[in-house]
Amino acid sequence: MIPFLDLKNINAQYRDELIAACTRVIDSGWYIGGSELESFEKNFAEYCGAKFAIGVANGLDALILTLRAWKELGKLKDGDEVIVPSNTYIASILAITANNLTPVLVEPDINSFNIDPQAIERAVTDKTKVILPVYLYGQLADMPRIMAIAKANDLLVLEDSAQSHGASINGIKAGNWGDASGFSFYPGKNLGALGDAGAVTTSDPELAMMIKALRNYGSHEKYKNLVPGVNSRLDEIQAAMLNVKLPYMDKEVEHRRQIAQLYLTGIKNPLIHLPLQNIDAEKYDQHVWHLFVVRSEKRDELQKYLSNHGIQTLIHYPIPPHQQQAYKEWNHLSYPISEQLHTEVLSLPISPILSLEDAQKIVSICNNFNV
Ligand SMILES: *Cc1c(COP(=O)(O)O)cnc(C)c1O
């Protein structure tokens, strides 16, 4: 079986360094808010090109605490509208509703899977305060256009970069386009901890300060509380794991790109639609291929066929947010592009340790799919 993602062997590449880093933390006697977090925050901010990175407990909290900080700073209030793609992973939307803000679901472009800027323009109202683009599957949304729309309408932009560490357009990376950006270091992400972890990047010092307070009970100084905060910290052990893995991430992404190129040039089957790659992709639009997602009207048959041929695939995602039980009040709404995507998408194996031979094998098997 070719596994979808072999996390054990991905981390085994760095086993000695990870163990040394763990030992360093254990022997330091300092487990929360120490030098590992400080250096990771510095390294990650620098990597993204932002002034600040603030480590938090997970990617969902990164988004929740950013919106919450804007409320505390008086930039948002209950009921303000946040534009978000209708086909996103549910976490992006949970962050909005957790803050008593109103999600406005906007359809994606069917070929790039990312939010459609024209549809954003149509959705802007007097109550719109934030655009929350999600960089789904490893590719930035059309940020030059989205930032122009935000500027023209005086909107904040919160990037959901959980799937796109290092992705860029014109050399500007995820984490450095909007007013702030949420990252996840869930183990399966392109930069994965060995447990839960997340971060916010921003170049706004006031916002950075507020998020730092919020993640730590609302406290900016020991025993003084500015605002009623939460406990959402990135601990020393996970920061140490991330410090080990960050320097290797670009190399890992290069391997993902090689596999993606094999798929893009090799898979030739009218039943399988490949993801859109922009013409100048090499130069201007750097996809990091967190997931390689194809579409097929025969998706379920394709998944079964691949499984019968020893290839594990996953569906990201089988149910759109507006059809989830958690959001019953939206179940009657219709988002046709999202709904189509959720019946057609299939994620092929892609990872820093999937061999090119196995990828080539997957290409041949895909090309022989028939119904
Ligand atoms: C993974 C993910 C999140 C949430 O990250 P966690 O660390 O699991 O909380 C948010 N948004 C998107 C698009 C994600 O893929």
# chains A, B, ... in the order shown; residues from 1 in each chain; ligands from 1
>>> closest_atom_pairs(of="region 50-88 of chain A", to="region 135-146 of chain A", cutoff="10 Å", atoms="only C-alpha atoms", output="Markdown table")
| residue | atom | partner | partner_atom | distance |
| --- | --- | --- | --- | --- |
| A:Pro85 | CA | A:Leu136 | CA | 9.7 |
| A:Asn87 | CA | A:Leu136 | CA | 9.1 |
| A:Thr88 | CA | A:Leu136 | CA | 7.2 |
>>> residues_around(residues="Thr102 (chain A)", least_positions_apart="2", cutoff="7 Å", atoms="only C-alpha atoms", output="ChimeraX atom specification")
/A:79-82,96-97,100,104
>>> write_last_selection(atoms="all heavy atoms", output="PDB file, in the first residue's frame")
ATOM      1  N   GLY A  79     -21.488  40.942  15.335  1.00  0.00           N
ATOM      2  CA  GLY A  79     -22.358  41.061  14.168  1.00  0.00           C
ATOM      3  C   GLY A  79     -21.660  41.567  12.912  1.00  0.00           C
ATOM      4  O   GLY A  79     -22.237  41.504  11.834  1.00  0.00           O
ATOM      5  N   ASP A  80     -20.432  42.052  13.023  1.00  0.00           N
ATOM      6  CA  ASP A  80     -19.716  42.470  11.811  1.00  0.00           C
ATOM      7  C   ASP A  80     -19.534  41.276  10.874  1.00  0.00           C
ATOM      8  O   ASP A  80     -19.378  40.137  11.317  1.00  0.00           O
ATOM      9  CB  ASP A  80     -18.331  43.040  12.172  1.00  0.00           C
ATOM     10  CG  ASP A  80     -18.415  44.448  12.745  1.00  0.00           C
ATOM     11  OD1 ASP A  80     -19.489  45.078  12.632  1.00  0.00           O
ATOM     12  OD2 ASP A  80     -17.405  44.917  13.312  1.00  0.00           O
ATOM     13  N   GLU A  81     -19.536  41.574   9.583  1.00  0.00           N
ATOM     14  CA  GLU A  81     -19.455  40.493   8.599  1.00  0.00           C
ATOM     15  C   GLU A  81     -18.020  40.174   8.194  1.00  0.00           C
ATOM     16  O   GLU A  81     -17.212  41.082   7.985  1.00  0.00           O
ATOM     17  CB  GLU A  81     -20.283  40.859   7.350  1.00  0.00           C
ATOM     18  CG  GLU A  81     -21.777  40.885   7.655  1.00  0.00           C
ATOM     19  CD  GLU A  81     -22.625  41.271   6.444  1.00  0.00           C
ATOM     20  OE1 GLU A  81     -22.064  41.538   5.358  1.00  0.00           O
ATOM     21  OE2 GLU A  81     -23.864  41.294   6.602  1.00  0.00           O
ATOM     22  N   VAL A  82     -17.755  38.875   8.059  1.00  0.00           N
ATOM     23  CA  VAL A  82     -16.446  38.384   7.637  1.00  0.00           C
ATOM     24  C   VAL A  82     -16.643  37.516   6.402  1.00  0.00           C
ATOM     25  O   VAL A  82     -17.381  36.524   6.450  1.00  0.00           O
ATOM     26  CB  VAL A  82     -15.777  37.549   8.754  1.00  0.00           C
ATOM     27  CG1 VAL A  82     -14.403  37.063   8.310  1.00  0.00           C
ATOM     28  CG2 VAL A  82     -15.669  38.355  10.057  1.00  0.00           C
ATOM     29  N   ILE A  96     -14.837  32.564  13.225  1.00  0.00           N
ATOM     30  CA  ILE A  96     -15.722  33.726  13.048  1.00  0.00           C
ATOM     31  C   ILE A  96     -16.898  33.637  14.010  1.00  0.00           C
ATOM     32  O   ILE A  96     -17.180  34.578  14.769  1.00  0.00           O
ATOM     33  CB  ILE A  96     -16.215  33.795  11.576  1.00  0.00           C
ATOM     34  CG1 ILE A  96     -15.017  33.909  10.624  1.00  0.00           C
ATOM     35  CG2 ILE A  96     -17.191  34.951  11.386  1.00  0.00           C
ATOM     36  CD1 ILE A  96     -15.366  33.701   9.153  1.00  0.00           C
ATOM     37  N   THR A  97     -17.570  32.479  14.016  1.00  0.00           N
ATOM     38  CA  THR A  97     -18.762  32.358  14.867  1.00  0.00           C
ATOM     39  C   THR A  97     -18.371  32.352  16.351  1.00  0.00           C
ATOM     40  O   THR A  97     -19.138  32.834  17.183  1.00  0.00           O
ATOM     41  CB  THR A  97     -19.602  31.111  14.499  1.00  0.00           C
ATOM     42  OG1 THR A  97     -18.783  29.944  14.526  1.00  0.00           O
ATOM     43  CG2 THR A  97     -20.199  31.252  13.114  1.00  0.00           C
ATOM     44  N   ASN A 100     -18.745  35.788  17.742  1.00  0.00           N
ATOM     45  CA  ASN A 100     -20.021  36.483  17.492  1.00  0.00           C
ATOM     46  C   ASN A 100     -19.969  37.408  16.288  1.00  0.00           C
ATOM     47  O   ASN A 100     -20.636  38.438  16.242  1.00  0.00           O
ATOM     48  CB  ASN A 100     -20.472  37.301  18.709  1.00  0.00           C
ATOM     49  CG  ASN A 100     -20.849  36.406  19.859  1.00  0.00           C
ATOM     50  OD1 ASN A 100     -21.454  35.351  19.638  1.00  0.00           O
ATOM     51  ND2 ASN A 100     -20.467  36.792  21.058  1.00  0.00           N
ATOM     52  N   VAL A 104     -19.872  35.390   6.013  1.00  0.00           N
ATOM     53  CA  VAL A 104     -20.568  35.526   4.727  1.00  0.00           C
ATOM     54  C   VAL A 104     -19.828  34.596   3.767  1.00  0.00           C
ATOM     55  O   VAL A 104     -18.678  34.847   3.410  1.00  0.00           O
ATOM     56  CB  VAL A 104     -20.547  36.977   4.231  1.00  0.00           C
ATOM     57  CG1 VAL A 104     -21.137  37.074   2.824  1.00  0.00           C
ATOM     58  CG2 VAL A 104     -21.307  37.869   5.197  1.00  0.00           C
TER      59      VAL A 104
END
>>> select_by_dssp(residues="region 27-130 of chain A", states="helix (DSSP H, G or I)", output="VMD selection string")
chain A and resid 27 to 28 35 to 48 59 to 72 90 to 97 117 to 123
>>> residues_near_ligand(ligand="ligand 1", cutoff="10 Å", atoms="only C-alpha atoms and all ligand atoms", output="ChimeraX atom specification")
/A:56-64,87-95,133-138,159-164,182-189,192-193,195-199,290,316
>>> closest_residue(among="A:Ala260, A:Ile319, A:Val293, A:Phe113", to="Ala359 (chain A)", atoms="only C-alpha atoms")
A:Ala260
>>> residues_around(residues="Gly74 (chain A)", least_positions_apart="5", cutoff="12 Å", atoms="only C-alpha atoms", output="list in words")
Leu67, Arg68, Ala69, Asp80, Lys129, Glu206, Leu207 and Met210 of chain A
>>> write_last_selection(atoms="all heavy atoms", output="mmCIF file, in the first residue's frame")
data_model
loop_
_atom_site.group_PDB
_atom_site.id
_atom_site.type_symbol
_atom_site.label_atom_id
_atom_site.label_comp_id
_atom_site.auth_asym_id
_atom_site.auth_seq_id
_atom_site.Cartn_x
_atom_site.Cartn_y
_atom_site.Cartn_z
ATOM 1 N N LEU A 67 -9.084 37.543 15.551
ATOM 2 C CA LEU A 67 -10.370 38.257 15.470
ATOM 3 C C LEU A 67 -10.731 38.844 16.842
ATOM 4 O O LEU A 67 -11.214 39.980 16.952
ATOM 5 C CB LEU A 67 -11.465 37.308 14.971
ATOM 6 C CG LEU A 67 -11.291 36.829 13.510
ATOM 7 C CD1 LEU A 67 -12.284 35.715 13.173
ATOM 8 C CD2 LEU A 67 -11.456 37.998 12.522
ATOM 9 N N ARG A 68 -10.477 38.067 17.880
ATOM 10 C CA ARG A 68 -10.760 38.518 19.244
ATOM 11 C C ARG A 68 -9.937 39.777 19.573
ATOM 12 O O ARG A 68 -10.439 40.744 20.172
ATOM 13 C CB ARG A 68 -10.418 37.362 20.190
ATOM 14 C CG ARG A 68 -10.464 37.657 21.637
ATOM 15 C CD ARG A 68 -11.876 37.685 22.194
ATOM 16 N NE ARG A 68 -11.806 38.298 23.518
ATOM 17 C CZ ARG A 68 -11.412 37.677 24.611
ATOM 18 N NH1 ARG A 68 -11.075 36.393 24.569
ATOM 19 N NH2 ARG A 68 -11.349 38.320 25.763
ATOM 20 N N ALA A 69 -8.666 39.771 19.159
ATOM 21 C CA ALA A 69 -7.790 40.922 19.433
ATOM 22 C C ALA A 69 -8.325 42.164 18.726
ATOM 23 O O ALA A 69 -8.328 43.262 19.298
ATOM 24 C CB ALA A 69 -6.363 40.616 18.973
ATOM 25 N N ASP A 80 -20.432 42.052 13.023
ATOM 26 C CA ASP A 80 -19.716 42.470 11.811
ATOM 27 C C ASP A 80 -19.534 41.276 10.874
ATOM 28 O O ASP A 80 -19.378 40.137 11.317
ATOM 29 C CB ASP A 80 -18.331 43.040 12.172
ATOM 30 C CG ASP A 80 -18.415 44.448 12.745
ATOM 31 O OD1 ASP A 80 -19.489 45.078 12.632
ATOM 32 O OD2 ASP A 80 -17.405 44.917 13.312
ATOM 33 N N LYS A 129 -16.381 43.813 7.439
ATOM 34 C CA LYS A 129 -15.209 44.394 8.097
ATOM 35 C C LYS A 129 -13.927 43.620 7.816
ATOM 36 O O LYS A 129 -12.839 44.168 7.963
ATOM 37 C CB LYS A 129 -15.441 44.462 9.618
ATOM 38 C CG LYS A 129 -16.476 45.496 10.040
ATOM 39 C CD LYS A 129 -15.886 46.890 9.954
ATOM 40 C CE LYS A 129 -16.842 48.027 9.669
ATOM 41 N NZ LYS A 129 -18.195 47.925 10.118
ATOM 42 N N GLU A 206 0.709 46.658 17.676
ATOM 43 C CA GLU A 206 -0.413 46.729 18.616
ATOM 44 C C GLU A 206 -1.184 45.400 18.624
ATOM 45 O O GLU A 206 -1.552 44.874 19.689
ATOM 46 C CB GLU A 206 -1.329 47.872 18.156
ATOM 47 C CG GLU A 206 -2.259 48.377 19.203
ATOM 48 C CD GLU A 206 -3.245 49.430 18.640
ATOM 49 O OE1 GLU A 206 -3.526 49.442 17.414
ATOM 50 O OE2 GLU A 206 -3.727 50.224 19.439
ATOM 51 N N LEU A 207 -1.387 44.866 17.427
ATOM 52 C CA LEU A 207 -2.090 43.577 17.316
ATOM 53 C C LEU A 207 -1.246 42.460 17.948
ATOM 54 O O LEU A 207 -1.762 41.623 18.686
ATOM 55 C CB LEU A 207 -2.386 43.257 15.848
ATOM 56 C CG LEU A 207 -3.086 41.922 15.595
ATOM 57 C CD1 LEU A 207 -4.505 41.923 16.170
ATOM 58 C CD2 LEU A 207 -3.129 41.593 14.097
ATOM 59 N N MET A 210 -1.539 42.557 21.675
ATOM 60 C CA MET A 210 -2.841 42.100 22.178
ATOM 61 C C MET A 210 -2.959 40.577 22.099
ATOM 62 O O MET A 210 -3.475 39.935 23.020
ATOM 63 C CB MET A 210 -3.978 42.782 21.400
ATOM 64 C CG MET A 210 -5.361 42.449 21.899
ATOM 65 S SD MET A 210 -5.636 42.785 23.660
ATOM 66 C CE MET A 210 -5.969 44.558 23.605
#
>>> atom_distance(atom1="CA of Ala45 (chain A)", atom2="CA of Gly175 (chain A)")
8.4 Å
>>> residues_around(residues="region 22-37 of chain A", least_positions_apart="4", cutoff="12 Å", atoms="only C-alpha atoms", output="ChimeraX atom specification")
/A:15-18,41-45,53-57,194,197-199,212,215-216,231-244
>>> write_last_selection(atoms="N, CA, C and O atoms", output="CSV table (one decimal), in the first residue's frame")
chain,number,residue,atom,x,y,z
A,15,ARG,N,15.0,12.3,13.4
A,15,ARG,CA,14.9,11.6,14.7
A,15,ARG,C,16.0,12.1,15.7
A,15,ARG,O,15.7,12.5,16.8
A,16,ASP,N,17.3,12.0,15.3
A,16,ASP,CA,18.3,12.3,16.2
A,16,ASP,C,18.3,13.8,16.7
A,16,ASP,O,18.4,14.1,17.9
A,17,GLU,N,18.0,14.7,15.7
A,17,GLU,CA,17.9,16.1,16.1
A,17,GLU,C,16.7,16.4,17.0
A,17,GLU,O,16.7,17.2,17.9
A,18,LEU,N,15.6,15.7,16.7
A,18,LEU,CA,14.4,15.9,17.5
A,18,LEU,C,14.6,15.4,19.0
A,18,LEU,O,14.2,16.1,19.9
A,41,GLU,N,9.6,31.9,17.3
A,41,GLU,CA,8.8,33.1,16.9
A,41,GLU,C,9.7,34.0,16.0
A,41,GLU,O,9.2,34.5,15.0
A,42,LYS,N,10.9,34.2,16.4
A,42,LYS,CA,11.8,35.0,15.6
A,42,LYS,C,12.1,34.3,14.2
A,42,LYS,O,12.0,35.0,13.2
A,43,ASN,N,12.4,33.1,14.3
A,43,ASN,CA,12.7,32.3,13.0
A,43,ASN,C,11.5,32.3,12.1
A,43,ASN,O,11.7,32.5,10.8
A,44,PHE,N,10.3,32.1,12.6
A,44,PHE,CA,9.2,31.9,11.7
A,44,PHE,C,8.7,33.3,11.2
A,44,PHE,O,8.4,33.4,10.0
A,45,ALA,N,8.8,34.3,12.0
A,45,ALA,CA,8.5,35.7,11.5
A,45,ALA,C,9.4,36.0,10.3
A,45,ALA,O,9.0,36.5,9.3
A,53,ALA,N,5.9,37.0,15.0
A,53,ALA,CA,5.1,35.7,15.0
A,53,ALA,C,4.8,35.5,16.5
A,53,ALA,O,5.6,35.7,17.3
A,54,ILE,N,3.5,35.1,16.8
A,54,ILE,CA,3.1,34.8,18.1
A,54,ILE,C,2.7,33.4,18.2
A,54,ILE,O,1.7,33.0,17.5
A,55,GLY,N,3.4,32.6,18.9
A,55,GLY,CA,3.0,31.1,19.0
A,55,GLY,C,1.8,31.0,19.9
A,55,GLY,O,1.6,31.6,20.9
A,56,VAL,N,0.9,30.1,19.4
A,56,VAL,CA,-0.4,29.8,20.2
A,56,VAL,C,-0.5,28.3,20.1
A,56,VAL,O,0.3,27.5,19.6
A,57,ALA,N,-1.6,27.8,20.8
A,57,ALA,CA,-1.8,26.4,21.0
A,57,ALA,C,-2.1,25.6,19.7
A,57,ALA,O,-1.8,24.4,19.6
A,194,LEU,N,5.0,17.8,16.8
A,194,LEU,CA,4.7,16.4,17.2
A,194,LEU,C,3.6,16.5,18.2
A,194,LEU,O,3.6,15.8,19.2
A,197,ALA,N,0.1,22.8,17.6
A,197,ALA,CA,0.8,24.1,17.7
A,197,ALA,C,0.2,25.0,16.6
A,197,ALA,O,-0.3,24.5,15.6
A,198,GLY,N,0.4,26.3,16.8
A,198,GLY,CA,-0.1,27.3,15.8
A,198,GLY,C,0.6,28.6,16.0
A,198,GLY,O,1.4,28.8,17.0
A,199,ALA,N,0.4,29.6,15.1
A,199,ALA,CA,1.0,30.9,15.3
A,199,ALA,C,0.2,31.9,14.5
A,199,ALA,O,-0.4,31.5,13.5
A,212,LYS,N,-0.5,38.4,22.2
A,212,LYS,CA,0.4,37.9,23.2
A,212,LYS,C,-0.3,37.9,24.6
A,212,LYS,O,-0.1,37.0,25.4
A,215,ARG,N,-3.3,35.2,24.6
A,215,ARG,CA,-3.0,33.8,24.7
A,215,ARG,C,-2.6,33.4,26.1
A,215,ARG,O,-2.4,32.2,26.5
A,216,ASN,N,-2.3,34.4,27.0
A,216,ASN,CA,-1.8,34.2,28.3
A,216,ASN,C,-2.7,34.9,29.3
A,216,ASN,O,-2.2,35.8,30.1
A,231,ASN,N,-6.0,30.5,27.9
A,231,ASN,CA,-4.7,29.9,27.9
A,231,ASN,C,-4.5,29.2,26.6
A,231,ASN,O,-5.1,28.2,26.3
A,232,SER,N,-3.7,29.7,25.7
A,232,SER,CA,-3.4,29.1,24.4
A,232,SER,C,-2.0,29.4,24.0
A,232,SER,O,-1.6,30.2,23.2
A,233,ARG,N,-1.1,28.6,24.7
A,233,ARG,CA,0.3,28.9,24.5
A,233,ARG,C,1.0,27.7,23.7
A,233,ARG,O,0.5,26.6,23.7
A,234,LEU,N,2.0,28.0,23.1
A,234,LEU,CA,2.8,27.1,22.3
A,234,LEU,C,4.0,26.7,23.2
A,234,LEU,O,4.8,27.5,23.6
A,235,ASP,N,4.0,25.4,23.7
A,235,ASP,CA,5.0,25.0,24.7
A,235,ASP,C,6.4,24.8,24.2
A,235,ASP,O,6.6,24.7,23.0
A,236,GLU,N,7.3,24.8,25.1
A,236,GLU,CA,8.7,24.7,24.7
A,236,GLU,C,9.1,23.4,23.9
A,236,GLU,O,9.8,23.5,23.0
A,237,ILE,N,8.5,22.3,24.3
A,237,ILE,CA,8.8,21.1,23.6
A,237,ILE,C,8.4,21.2,22.1
A,237,ILE,O,9.2,20.9,21.2
A,238,GLN,N,7.2,21.7,21.9
A,238,GLN,CA,6.7,21.8,20.5
A,238,GLN,C,7.5,22.9,19.7
A,238,GLN,O,7.8,22.7,18.5
A,239,ALA,N,7.8,24.0,20.4
A,239,ALA,CA,8.6,25.0,19.7
A,239,ALA,C,10.0,24.4,19.3
A,239,ALA,O,10.5,24.7,18.3
A,240,ALA,N,10.5,23.6,20.2
A,240,ALA,CA,11.8,23.0,19.9
A,240,ALA,C,11.7,22.0,18.7
A,240,ALA,O,12.6,22.0,17.8
A,241,MET,N,10.6,21.3,18.6
A,241,MET,CA,10.4,20.4,17.4
A,241,MET,C,10.4,21.2,16.2
A,241,MET,O,10.9,20.9,15.1
A,242,LEU,N,9.6,22.4,16.3
A,242,LEU,CA,9.5,23.2,15.1
A,242,LEU,C,10.8,23.9,14.7
A,242,LEU,O,11.1,24.1,13.5
A,243,ASN,N,11.6,24.2,15.7
A,243,ASN,CA,12.9,24.8,15.4
A,243,ASN,C,13.8,23.8,14.6
A,243,ASN,O,14.6,24.2,13.8
A,244,VAL,N,13.7,22.5,15.0
A,244,VAL,CA,14.4,21.5,14.2
A,244,VAL,C,13.9,21.4,12.8
A,244,VAL,O,14.7,21.4,11.8
>>> atom_distance(atom1="CA of Lys75 (chain A)", atom2="CA of Leu155 (chain A)")
10.1 Å
>>> residues_around(residues="Lys173 (chain A)", least_positions_apart="6", cutoff="10 Å", atoms="only C-alpha atoms", output="ChimeraX atom specification")
/A:47-50,140,161,164-167,285-286
>>> write_last_selection(atoms="all heavy atoms", output="short mmCIF file (atom, residue, chain, number, x, y, z; two decimals), in the first residue's frame")
data_model
loop_
_atom_site.label_atom_id
_atom_site.label_comp_id
_atom_site.auth_asym_id
_atom_site.auth_seq_id
_atom_site.Cartn_x
_atom_site.Cartn_y
_atom_site.Cartn_z
N TYR A 47 11.08 33.97 8.43
CA TYR A 47 10.81 33.11 7.29
C TYR A 47 9.66 33.69 6.45
O TYR A 47 9.71 33.70 5.22
CB TYR A 47 10.47 31.69 7.75
CG TYR A 47 10.13 30.78 6.60
CD1 TYR A 47 11.14 30.15 5.88
CD2 TYR A 47 8.80 30.60 6.20
CE1 TYR A 47 10.83 29.35 4.79
CE2 TYR A 47 8.48 29.82 5.11
CZ TYR A 47 9.51 29.19 4.40
OH TYR A 47 9.20 28.43 3.31
N CYS A 48 8.61 34.16 7.14
CA CYS A 48 7.43 34.67 6.42
C CYS A 48 7.64 36.08 5.90
O CYS A 48 6.90 36.53 5.02
CB CYS A 48 6.20 34.67 7.34
SG CYS A 48 5.70 33.03 7.86
N GLY A 49 8.58 36.80 6.47
CA GLY A 49 8.79 38.19 6.09
C GLY A 49 7.94 39.15 6.90
O GLY A 49 7.80 40.32 6.54
N ALA A 50 7.36 38.68 8.00
CA ALA A 50 6.54 39.54 8.87
C ALA A 50 7.38 40.02 10.05
O ALA A 50 8.42 39.44 10.36
CB ALA A 50 5.32 38.78 9.37
N LEU A 140 -1.73 30.23 -2.63
CA LEU A 140 -2.33 31.48 -2.22
C LEU A 140 -3.55 31.80 -3.08
O LEU A 140 -3.60 31.46 -4.26
CB LEU A 140 -1.32 32.64 -2.35
CG LEU A 140 -0.55 32.99 -1.07
CD1 LEU A 140 0.28 31.84 -0.59
CD2 LEU A 140 0.31 34.21 -1.28
N SER A 161 -3.51 30.62 6.65
CA SER A 161 -2.35 30.04 5.97
C SER A 161 -2.02 28.64 6.49
O SER A 161 -0.90 28.16 6.29
CB SER A 161 -1.13 30.94 6.18
OG SER A 161 -1.39 32.25 5.73
N SER A 164 -0.41 26.48 3.93
CA SER A 164 0.42 27.13 2.91
C SER A 164 1.68 27.81 3.41
O SER A 164 2.11 28.82 2.86
CB SER A 164 -0.44 28.16 2.16
OG SER A 164 -1.34 27.48 1.34
N HIS A 165 2.33 27.24 4.42
CA HIS A 165 3.60 27.78 4.90
C HIS A 165 4.57 27.91 3.72
O HIS A 165 4.86 26.92 3.04
CB HIS A 165 4.25 26.86 5.92
CG HIS A 165 3.28 26.21 6.88
ND1 HIS A 165 2.40 25.24 6.49
CD2 HIS A 165 3.08 26.42 8.19
CE1 HIS A 165 1.68 24.87 7.54
NE2 HIS A 165 2.06 25.58 8.59
N GLY A 166 5.05 29.11 3.45
CA GLY A 166 6.07 29.30 2.41
C GLY A 166 5.52 29.54 1.01
O GLY A 166 6.28 29.89 0.12
N ALA A 167 4.22 29.37 0.79
CA ALA A 167 3.66 29.65 -0.54
C ALA A 167 3.76 31.15 -0.80
O ALA A 167 3.68 31.95 0.13
CB ALA A 167 2.20 29.20 -0.61
N ASP A 285 4.20 32.34 -8.76
CA ASP A 285 3.14 31.78 -7.94
C ASP A 285 3.64 30.45 -7.40
O ASP A 285 3.57 29.44 -8.05
CB ASP A 285 1.91 31.59 -8.84
CG ASP A 285 0.73 31.08 -8.06
OD1 ASP A 285 0.86 30.90 -6.84
OD2 ASP A 285 -0.31 30.85 -8.68
N GLN A 286 4.17 30.49 -6.21
CA GLN A 286 4.82 29.31 -5.66
C GLN A 286 3.86 28.50 -4.80
O GLN A 286 3.60 28.84 -3.66
CB GLN A 286 6.06 29.73 -4.87
CG GLN A 286 7.16 30.30 -5.77
CD GLN A 286 7.95 29.20 -6.45
OE1 GLN A 286 8.12 28.12 -5.92
NE2 GLN A 286 8.46 29.46 -7.64
#
>>> closest_residue(among="A:Arg256, A:Met209, A:Ile83, A:Leu246", to="Trp70 (chain A)", atoms="only C-alpha atoms")
A:Met209
>>> residues_around(residues="Ser203 (chain A)", least_positions_apart="2", cutoff="8 Å", atoms="only C-alpha atoms", output="mmCIF file with all heavy atoms, in the first residue's frame")
data_model
loop_
_atom_site.group_PDB
_atom_site.id
_atom_site.type_symbol
_atom_site.label_atom_id
_atom_site.label_comp_id
_atom_site.auth_asym_id
_atom_site.auth_seq_id
_atom_site.Cartn_x
_atom_site.Cartn_y
_atom_site.Cartn_z
ATOM 1 N N ALA A 50 7.358 38.677 8.005
ATOM 2 C CA ALA A 50 6.541 39.537 8.867
ATOM 3 C C ALA A 50 7.380 40.019 10.052
ATOM 4 O O ALA A 50 8.418 39.442 10.364
ATOM 5 C CB ALA A 50 5.319 38.780 9.367
ATOM 6 N N LYS A 51 6.908 41.069 10.718
ATOM 7 C CA LYS A 51 7.669 41.592 11.855
ATOM 8 C C LYS A 51 7.544 40.700 13.084
ATOM 9 O O LYS A 51 8.483 40.562 13.853
ATOM 10 C CB LYS A 51 7.171 43.005 12.210
ATOM 11 C CG LYS A 51 7.602 44.062 11.207
ATOM 12 C CD LYS A 51 7.760 45.425 11.895
ATOM 13 C CE LYS A 51 8.243 46.483 10.925
ATOM 14 N NZ LYS A 51 7.151 47.308 10.387
ATOM 15 N N PHE A 52 6.336 40.128 13.289
ATOM 16 C CA PHE A 52 6.103 39.344 14.505
ATOM 17 C C PHE A 52 5.471 37.996 14.176
ATOM 18 O O PHE A 52 4.660 37.895 13.256
ATOM 19 C CB PHE A 52 5.119 40.067 15.449
ATOM 20 C CG PHE A 52 5.502 41.493 15.737
ATOM 21 C CD1 PHE A 52 4.909 42.535 15.029
ATOM 22 C CD2 PHE A 52 6.453 41.783 16.704
ATOM 23 C CE1 PHE A 52 5.265 43.853 15.281
ATOM 24 C CE2 PHE A 52 6.812 43.103 16.968
ATOM 25 C CZ PHE A 52 6.218 44.141 16.255
ATOM 26 N N ASN A 176 2.378 37.312 5.056
ATOM 27 C CA ASN A 176 2.898 38.666 4.862
ATOM 28 C C ASN A 176 2.058 39.440 3.851
ATOM 29 O O ASN A 176 2.499 40.432 3.306
ATOM 30 C CB ASN A 176 4.361 38.584 4.402
ATOM 31 C CG ASN A 176 5.079 39.909 4.540
ATOM 32 O OD1 ASN A 176 4.640 40.781 5.289
ATOM 33 N ND2 ASN A 176 6.164 40.071 3.806
ATOM 34 N N ASP A 179 -3.374 41.771 7.071
ATOM 35 C CA ASP A 179 -3.052 42.444 8.329
ATOM 36 C C ASP A 179 -2.547 41.441 9.354
ATOM 37 O O ASP A 179 -1.828 41.805 10.285
ATOM 38 C CB ASP A 179 -4.302 43.152 8.859
ATOM 39 C CG ASP A 179 -4.777 44.207 7.877
ATOM 40 O OD1 ASP A 179 -4.175 45.285 7.869
ATOM 41 O OD2 ASP A 179 -5.695 43.930 7.083
ATOM 42 N N ALA A 180 -2.952 40.191 9.189
ATOM 43 C CA ALA A 180 -2.496 39.123 10.073
ATOM 44 C C ALA A 180 -2.754 37.798 9.371
ATOM 45 O O ALA A 180 -3.531 37.729 8.414
ATOM 46 C CB ALA A 180 -3.254 39.157 11.399
ATOM 47 N N THR A 201 1.085 35.496 12.424
ATOM 48 C CA THR A 201 2.098 36.465 12.016
ATOM 49 C C THR A 201 1.403 37.788 11.710
ATOM 50 O O THR A 201 0.258 37.808 11.249
ATOM 51 C CB THR A 201 2.881 36.017 10.759
ATOM 52 O OG1 THR A 201 1.972 35.862 9.677
ATOM 53 C CG2 THR A 201 3.634 34.729 10.992
ATOM 54 N N PRO A 205 2.409 46.072 15.516
ATOM 55 C CA PRO A 205 2.870 45.860 16.899
ATOM 56 C C PRO A 205 1.735 45.853 17.920
ATOM 57 O O PRO A 205 1.778 45.096 18.892
ATOM 58 C CB PRO A 205 3.834 47.030 17.161
ATOM 59 C CG PRO A 205 3.678 47.982 16.034
ATOM 60 C CD PRO A 205 2.985 47.281 14.911
ATOM 61 N N ALA A 208 0.049 42.462 17.669
ATOM 62 C CA ALA A 208 0.939 41.433 18.220
ATOM 63 C C ALA A 208 0.883 41.463 19.748
ATOM 64 O O ALA A 208 0.785 40.415 20.400
ATOM 65 C CB ALA A 208 2.364 41.652 17.727
#
>>> closest_residue(among="A:Ala12, A:Phe369, A:Leu354, A:Pro117", to="Lys304 (chain A)", atoms="only C-alpha atoms")
A:Phe369
